[in-house]
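Student: One file: data15.txt (compact mmCIF, C-alpha atoms and all ligand atoms).
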```
# COMPACT_ATOMS: atom_id res chain seq x y z
CA MET A 1038 -116.61 -15.72 36.86
CA ASN A 1039 -115.25 -13.02 34.62
CA ILE A 1040 -112.46 -14.75 32.67
CA GLU A 1041 -110.61 -13.31 29.72
CA TYR A 1042 -108.28 -15.31 27.50
CA GLU A 1043 -105.33 -13.74 25.71
CA PHE A 1044 -104.11 -16.89 24.03
CA GLU A 1045 -102.27 -17.83 20.90
CA PRO A 1046 -101.09 -21.45 20.71
CA LYS A 1047 -97.30 -21.62 20.87
CA ILE A 1048 -97.21 -25.30 19.94
CA THR A 1049 -99.02 -27.50 17.45
CA ILE A 1050 -101.08 -30.53 18.33
CA ASN A 1051 -98.22 -32.70 17.02
CA ASP A 1052 -95.73 -30.84 19.24
CA TYR A 1053 -98.01 -31.62 22.14
CA ILE A 1054 -98.44 -35.30 21.31
CA PHE A 1055 -94.75 -35.92 20.74
CA ASN A 1056 -93.59 -33.48 23.43
CA ARG A 1057 -90.96 -32.09 21.08
CA LEU A 1058 -89.51 -29.77 23.67
CA ASN A 1059 -89.55 -30.82 27.28
CA GLN A 1060 -91.28 -27.67 28.46
CA ASN A 1061 -94.09 -28.26 25.95
CA ILE A 1062 -95.64 -30.46 28.57
CA ASN A 1063 -96.60 -27.19 30.25
CA GLU A 1064 -98.18 -25.66 27.15
CA PHE A 1065 -101.69 -25.93 25.76
CA ALA A 1066 -102.15 -26.67 22.09
CA THR A 1067 -105.66 -25.26 21.73
CA ILE A 1068 -107.84 -22.64 23.44
CA GLU A 1069 -110.46 -25.32 24.22
CA GLN A 1070 -107.87 -27.40 26.05
CA LEU A 1071 -106.78 -24.30 28.00
CA LYS A 1072 -110.37 -23.37 28.92
CA GLU A 1073 -111.03 -26.87 30.16
CA GLY A 1074 -107.87 -26.67 32.29
CA VAL A 1075 -109.06 -23.41 33.87
CA GLU A 1076 -112.54 -24.81 34.51
CA LYS A 1077 -111.08 -27.89 36.18
CA ILE A 1078 -109.18 -25.67 38.62
CA ILE A 1079 -112.14 -23.35 39.32
CA GLN A 1080 -114.32 -26.38 40.09
CA CYS A 1081 -112.01 -27.21 43.01
CA VAL A 1082 -112.73 -23.87 44.71
CA PRO A 1083 -115.54 -23.67 47.28
CA GLU A 1084 -118.48 -21.61 46.08
CA GLN A 1085 -118.13 -19.17 48.99
CA ILE A 1086 -114.68 -18.14 47.74
CA ILE A 1087 -115.84 -17.85 44.11
CA LYS A 1088 -118.73 -15.63 45.24
CA ILE A 1089 -116.37 -13.16 46.94
CA VAL A 1090 -114.14 -13.01 43.85
CA GLU A 1091 -117.22 -12.32 41.73
CA LYS A 1092 -118.86 -9.92 44.19
CA GLU A 1093 -115.64 -7.90 44.44
CA ASP A 1094 -115.69 -7.69 40.65
CA TRP A 1095 -112.33 -9.31 39.92
CA LYS A 1096 -111.33 -10.32 36.44
CA LEU A 1097 -109.18 -13.38 35.77
CA ILE A 1098 -106.93 -12.96 32.75
CA ILE A 1099 -105.24 -16.06 31.34
CA THR A 1100 -102.47 -14.95 29.05
CA ASN A 1101 -99.53 -16.09 26.99
CA LYS A 1102 -99.25 -12.78 25.21
CA ARG A 1103 -97.75 -10.75 28.05
CA ASP A 1104 -94.48 -10.64 29.89
CA LEU A 1105 -95.80 -10.29 33.44
CA GLU A 1106 -92.33 -10.02 34.99
CA LYS A 1107 -91.58 -7.09 32.71
CA GLN A 1108 -95.01 -5.49 33.11
CA PHE A 1109 -94.74 -5.50 36.91
CA GLY A 1110 -90.99 -5.06 37.26
CA ILE A 1111 -90.36 -8.40 38.96
CA GLU A 1112 -86.88 -9.83 38.77
CA TYR A 1113 -87.69 -13.49 39.07
CA LYS A 1114 -90.03 -15.89 37.31
CA ILE A 1115 -93.67 -15.86 38.45
CA PHE A 1116 -96.73 -17.98 37.57
CA GLY A 1117 -99.22 -15.17 38.09
CA ILE A 1118 -99.95 -11.93 39.87
CA THR A 1119 -102.79 -10.10 41.59
CA ASN A 1120 -103.11 -6.49 40.55
CA PHE A 1121 -105.19 -4.79 43.25
CA LYS A 1122 -105.21 -1.48 41.44
CA GLU A 1123 -106.98 -2.89 38.37
CA LYS A 1124 -108.72 -5.76 40.20
CA GLU A 1125 -107.13 -8.21 37.81
CA ILE A 1126 -105.60 -11.61 38.39
CA LEU A 1127 -103.13 -12.36 35.63
CA VAL A 1128 -101.95 -15.94 35.16
CA TYR A 1129 -99.81 -17.50 32.45
CA ALA A 1130 -101.65 -19.85 30.09
CA GLN A 1131 -99.62 -22.92 31.06
CA LYS A 1132 -100.43 -25.97 33.15
CA ASP A 1133 -98.31 -25.28 36.23
CA PRO A 1134 -99.39 -21.64 36.50
CA LEU A 1135 -103.05 -22.69 36.25
CA LYS A 1136 -102.56 -25.29 38.94
CA PHE A 1137 -100.45 -23.30 41.37
CA SER A 1138 -101.39 -19.69 40.75
CA ILE A 1139 -105.13 -19.15 40.12
CA ILE A 1140 -106.29 -20.34 43.54
CA HIS A 1141 -103.23 -18.87 45.25
CA GLU A 1142 -104.26 -15.46 43.88
CA PHE A 1143 -107.84 -16.06 45.05
CA GLY A 1144 -106.22 -16.54 48.46
CA HIS A 1145 -104.83 -12.98 48.32
CA ILE A 1146 -108.31 -11.68 47.47
CA ILE A 1147 -109.88 -13.53 50.42
CA ASP A 1148 -107.06 -12.30 52.67
CA ASN A 1149 -107.74 -8.74 51.54
CA TYR A 1150 -111.51 -9.22 51.95
CA LEU A 1151 -110.93 -10.32 55.55
CA ASN A 1152 -109.07 -7.11 56.24
CA THR A 1153 -105.66 -8.72 55.62
CA ILE A 1154 -106.18 -11.49 58.12
CA SER A 1155 -102.68 -12.76 57.27
CA SER A 1156 -101.25 -9.73 59.10
CA SER A 1157 -103.08 -10.60 62.33
CA GLU A 1158 -101.06 -11.86 65.29
CA ASP A 1159 -103.01 -15.11 65.15
CA TRP A 1160 -102.02 -15.89 61.58
CA LYS A 1161 -98.43 -14.77 62.19
CA HIS A 1162 -98.36 -17.30 65.00
CA ILE A 1163 -99.73 -20.04 62.71
CA THR A 1164 -97.09 -19.07 60.13
CA ASN A 1165 -94.33 -19.27 62.74
CA VAL A 1166 -95.45 -22.69 63.86
CA TYR A 1167 -96.05 -24.29 60.46
CA ALA A 1168 -94.56 -22.42 57.51
CA LYS A 1169 -90.97 -23.56 57.88
CA ARG A 1170 -91.80 -27.25 57.98
CA ALA A 1171 -94.09 -26.89 54.97
CA VAL A 1172 -91.68 -24.85 52.88
CA ASN A 1173 -88.85 -27.24 53.75
CA HIS A 1174 -90.65 -29.93 51.82
CA ARG A 1175 -89.89 -27.94 48.69
CA ASP A 1176 -92.92 -28.59 46.61
CA ASN A 1177 -94.87 -26.08 44.61
CA PHE A 1178 -97.66 -25.89 47.18
CA PHE A 1179 -95.71 -24.16 49.95
CA THR A 1180 -93.05 -21.82 48.65
CA ASN A 1181 -92.83 -18.91 51.02
CA GLU A 1182 -92.70 -18.12 54.74
CA ILE A 1183 -94.12 -14.60 54.41
CA PRO A 1184 -97.46 -14.76 56.31
CA SER A 1185 -99.54 -13.41 53.40
CA GLU A 1186 -97.94 -15.84 50.92
CA PHE A 1187 -98.27 -18.73 53.34
CA PHE A 1188 -101.95 -17.86 53.72
CA SER A 1189 -102.51 -17.99 49.96
CA ASP A 1190 -100.52 -21.22 49.70
CA CYS A 1191 -102.78 -22.74 52.39
CA VAL A 1192 -105.93 -21.72 50.49
CA LEU A 1193 -104.49 -23.31 47.34
CA THR A 1194 -103.45 -26.51 49.10
CA TYR A 1195 -106.81 -26.76 50.87
CA CYS A 1196 -108.59 -26.66 47.50
CA ILE A 1197 -106.49 -29.09 45.49
CA ASN A 1198 -104.28 -31.15 47.81
CA LYS A 1199 -105.88 -31.21 51.25
CA GLU A 1200 -104.13 -34.48 52.21
CA LEU A 1201 -100.86 -32.56 52.33
CA PHE A 1202 -101.94 -30.90 55.61
CA GLY A 1203 -102.23 -34.34 57.15
CA GLU A 1204 -98.84 -35.42 55.84
CA TYR A 1205 -97.20 -32.27 57.22
CA ASN A 1206 -99.10 -32.42 60.53
CA MET A 1207 -100.90 -29.18 59.84
CA ALA A 1208 -104.50 -30.26 60.44
CA GLU A 1209 -105.10 -27.11 62.52
CA ILE A 1210 -104.87 -25.07 59.32
CA VAL A 1211 -107.59 -27.13 57.63
CA SER A 1212 -109.96 -26.14 60.45
CA ILE A 1213 -109.01 -22.48 60.09
CA ILE A 1214 -109.59 -22.48 56.33
CA GLU A 1215 -112.88 -24.32 56.84
CA ARG A 1216 -114.06 -21.70 59.33
CA ILE A 1217 -113.05 -18.96 56.90
CA ILE A 1218 -115.14 -20.59 54.17
CA LEU A 1219 -118.11 -20.96 56.52
CA ILE A 1220 -118.01 -17.35 57.73
CA LEU A 1221 -117.24 -15.71 54.36
CA PRO A 1222 -120.86 -15.24 53.19
CA TYR A 1223 -121.63 -13.38 56.43
CA VAL A 1224 -118.61 -11.07 56.48
CA LYS A 1225 -118.91 -7.58 55.11
CA LYS A 1226 -115.60 -6.28 53.91
CA GLU A 1227 -113.70 -4.19 56.45
CA ASP A 1228 -116.30 -4.53 59.20
CA ASN A 1229 -114.50 -6.93 61.47
CA ILE A 1230 -110.98 -6.08 62.49
CA SER A 1231 -110.31 -2.36 61.98
CA ALA A 1232 -112.03 -1.32 65.18
CA SER A 1233 -109.61 -3.28 67.31
CA LEU A 1234 -106.41 -2.03 65.64
CA THR A 1235 -104.18 0.40 67.48
CA GLU A 1236 -103.09 3.59 65.73
CA SER A 1237 -99.65 2.22 64.89
CA GLU A 1238 -101.21 -0.96 63.50
CA LYS A 1239 -103.49 1.20 61.33
CA LEU A 1240 -100.46 3.13 60.06
CA LEU A 1241 -98.61 -0.10 59.31
CA LYS A 1242 -101.67 -1.46 57.53
CA ALA A 1243 -101.99 1.68 55.42
CA PHE A 1244 -98.28 1.45 54.60
CA ASN A 1245 -98.60 -2.20 53.61
CA GLU A 1246 -101.63 -1.50 51.44
CA TYR A 1247 -99.78 1.31 49.71
CA ASN A 1248 -96.94 -1.07 48.98
CA GLN A 1249 -99.20 -3.87 47.85
CA GLU A 1250 -100.79 -2.57 44.72
CA TYR A 1251 -99.87 -5.86 43.19
CA ILE A 1252 -98.66 -9.07 44.69
CA TRP A 1253 -97.31 -12.22 43.11
ZN ZN A 1301 -98.78 -14.68 46.35
```
Rewrite the coordinates I just gave you, this time as structure tokens.
Ligand SMILES: [Zn+2]
Tutor:
Amino acid sequence: MNIEYEFEPKITINDYIFNRLNQNINEFATIEQLKEGVEKIIQCVPEQIIKIVEKEDWKLIITNKRDLEKQFGIEYKIFGITNFKEKEILVYAQKDPLKFSIIHEFGHIIDNYLNTISSSEDWKHITNVYAKRAVNHRDNFFTNEIPSEFFSDCVLTYCINKELFGEYNMAEIVSIIERIILILPYVKKEDNISASLTESEKLLKAFNEYNQEYIW
């Protein structure tokens, strides 16, 4: 995987050990510690997903030198962002962003690779049935009822907290994600759904793609 680090420690090892500021718990004291954190997350991702991210030539940038909200004109705090225009995933070099954003952003790439499967009627139905109950639990795994965001949240949760689907009675989604993983190596981008779209669906899709140069 193509990973680039833009990292300058913001705390010392002593800051880290004594947790001088509460939020330090989220910071890494050394680049080696950060790299190990990233590797630990990547190891949780099924190989089939990693292969698509690599095949599609995405770069993962782990940074604490940028202001992503400012760079992308976003008015609230984000952990990371997928920039489709540059094929870059940008994630803050902190523990929570690594945990909750890297795989979530991979989810957007898989969604895009499957011709925006999150905009299909089938996934909208799944979102209608399950998203509210998941988001109501107010954890960092399920944060959003927008179908595309819920899709990415499901990919993330599948990779690092699969038990949650059982707790929330969402086992059906585990099967869907599993079938996605199984079929991924055999799917060629854009060869599956387009043919069945109506003209107005194609227009809507083009509009959505235009408006989705980047996505949090
Ligand atoms: Zn997202």
Student: Let me have all residues with an atom within 7 Å of ligand ZN 1301 (chain A), counting all atoms listed in the file, laid out as a ChimeraX atom specification.
Tutor: /A:1141-1142,1145,1186,1189,1252-1253
Student: From the set A:Ala1208, A:Ile1115, A:Ile1214, A:Ile1089, which residue has the shortest atom-to-atom contact distance to Ser1155 in chain A, counting all atoms listed in the file?
Tutor: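 Residue with the minimum atom-to-atom distance to Ser1155 in chain A: A:Ile1214.
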Student: Fewer than 2 positions away in the same chain doesn't count, so skip those; otherwise give me all residues within 6 Å of range 1046-1051 of chain A, counting all atoms listed in the file, as a ChimeraX atom specification.
Tutor: /A:1053-1054,1066
Student: Include C-alpha atoms and write out the residues we just selected as a PDB file, keeping the file's coordinate frame.
Tutor:
```
ATOM      1  CA  TYR A1053     -98.010 -31.620  22.140  1.00  0.00           C
ATOM      2  CA  ILE A1054     -98.440 -35.300  21.310  1.00  0.00           C
ATOM      3  CA  ALA A1066    -102.150 -26.670  22.090  1.00  0.00           C
TER       4      ALA A1066
END
```
Student: Find the residues of range 1169-1218 of chain A that sit at most 7 Å from range 1075-1086 of chain A; for each, write down the nearest two atoms and how far apart they are in Å, to one decimal. Count all atoms listed in the file. Sort by chain, then by number going up, and give it as a Markdown table.
Tutor:
```
| residue | atom | partner | partner_atom | distance |
| --- | --- | --- | --- | --- |
| A:Cys1196 | CA | A:Cys1081 | CA | 5.7 |
| A:Ile1197 | CA | A:Cys1081 | CA | 6.3 |
| A:Ile1218 | CA | A:Gln1085 | CA | 6.1 |
```
Student: When you look at Gly1117 in chain A with a cut-off of 6 Å (counting all atoms listed in the file), what residues show up, excluding the ones that are within fewer than 3 positions of it in the same chain? I need them as a PyMOL selection string.
Tutor: chain A and resi 1127-1128+1138
Student: Using all atoms listed in the file, which protein or nucleic acid residues come within 10 Å of range 1211-1213 of chain A? Drop anything in the same chain fewer than 4 positions from it, and give the result as a list in words.
Tutor: Trp1160, Ile1163, Cys1191, Val1192, Thr1194, Tyr1195, Lys1199, Glu1200, Phe1202, Gly1203, Met1207, Ile1217, Ile1218 and Leu1219 of chain A
Student: Do you have the CA of Tyr1042 in chain A-CA of Ile1126 in chain A distance handy?
Tutor: 11.8 Å
Student: Counting only C-alpha atoms, find the residues whose atoms lie at most 10 Å from (-95.0, -25.3, 39.8) (file coordinates) and write them out as a PyMOL selection string.
Tutor: chain A and resi 1063+1115-1116+1132-1138+1176-1178+1180
Student: Output C-alpha atoms for every residue in that selection, as an mmCIF file, in the coordinates of the input.
Tutor:
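Result saved to result.cif:
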```cif
data_model
loop_
_atom_site.group_PDB
_atom_site.id
_atom_site.type_symbol
_atom_site.label_atom_id
_atom_site.label_comp_id
_atom_site.auth_asym_id
_atom_site.auth_seq_id
_atom_site.Cartn_x
_atom_site.Cartn_y
_atom_site.Cartn_z
ATOM 1 C CA ASN A 1063 -96.600 -27.190 30.250
ATOM 2 C CA ILE A 1115 -93.670 -15.860 38.450
ATOM 3 C CA PHE A 1116 -96.730 -17.980 37.570
ATOM 4 C CA LYS A 1132 -100.430 -25.970 33.150
ATOM 5 C CA ASP A 1133 -98.310 -25.280 36.230
ATOM 6 C CA PRO A 1134 -99.390 -21.640 36.500
ATOM 7 C CA LEU A 1135 -103.050 -22.690 36.250
ATOM 8 C CA LYS A 1136 -102.560 -25.290 38.940
ATOM 9 C CA PHE A 1137 -100.450 -23.300 41.370
ATOM 10 C CA SER A 1138 -101.390 -19.690 40.750
ATOM 11 C CA ASP A 1176 -92.920 -28.590 46.610
ATOM 12 C CA ASN A 1177 -94.870 -26.080 44.610
ATOM 13 C CA PHE A 1178 -97.660 -25.890 47.180
ATOM 14 C CA THR A 1180 -93.050 -21.820 48.650
#
```
Student: What does the distance from CA of Asp1148 in chain A to CA of Asn1039 in chain A come to in Å, to one decimal?
Tutor: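 Spanning CA of Asp1148 in chain A to CA of Asn1039 in chain A is a straight-line distance of 19.8 Å.
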Student: Here is a test: counting all atoms listed in the file, which residue of A:Ala1130, A:Ile1099, A:Met1038, A:Leu1193 is nearest to Gly1144 in chain A?
Tutor: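 So, comparing all the options, the nearest one is A:Leu1193.
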Student: Excluding range 1101-1109 of chain A and its own-chain neighbours fewer than 5 positions away, which residues fall within 7 Å of it when counting all atoms listed in the file? Please give them as a PyMOL selection string.
Tutor: chain A and resi 1043-1045+1114-1115+1129-1130
Student: Distance CA of Ala1168 in chain A-CA of Ile1154 in chain A, one decimal place?
Tutor: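 Separation of CA of Ala1168 in chain A and CA of Ile1154 in chain A: 16.0 Å.
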Student: Edge lengths and centre, in Å to one decimal, as AutoDock Vina command-line options: that's what I need for the box along x, y and z that holds all listed atoms of range 1171-1190 of chain A plus 6 Å on each side.
Tutor:
```
--center_x -95.7 --center_y -21.7 --center_z 50.5 --size_x 25.7 --size_y 28.5 --size_z 23.7
```
Student: I need the residue nearest Asn1198 in chain A from this list: A:Ile1183, A:Ile1140, A:Leu1151, A:Val1224. Use only C-alpha atoms for the distance.
Tutor: A:Ile1140
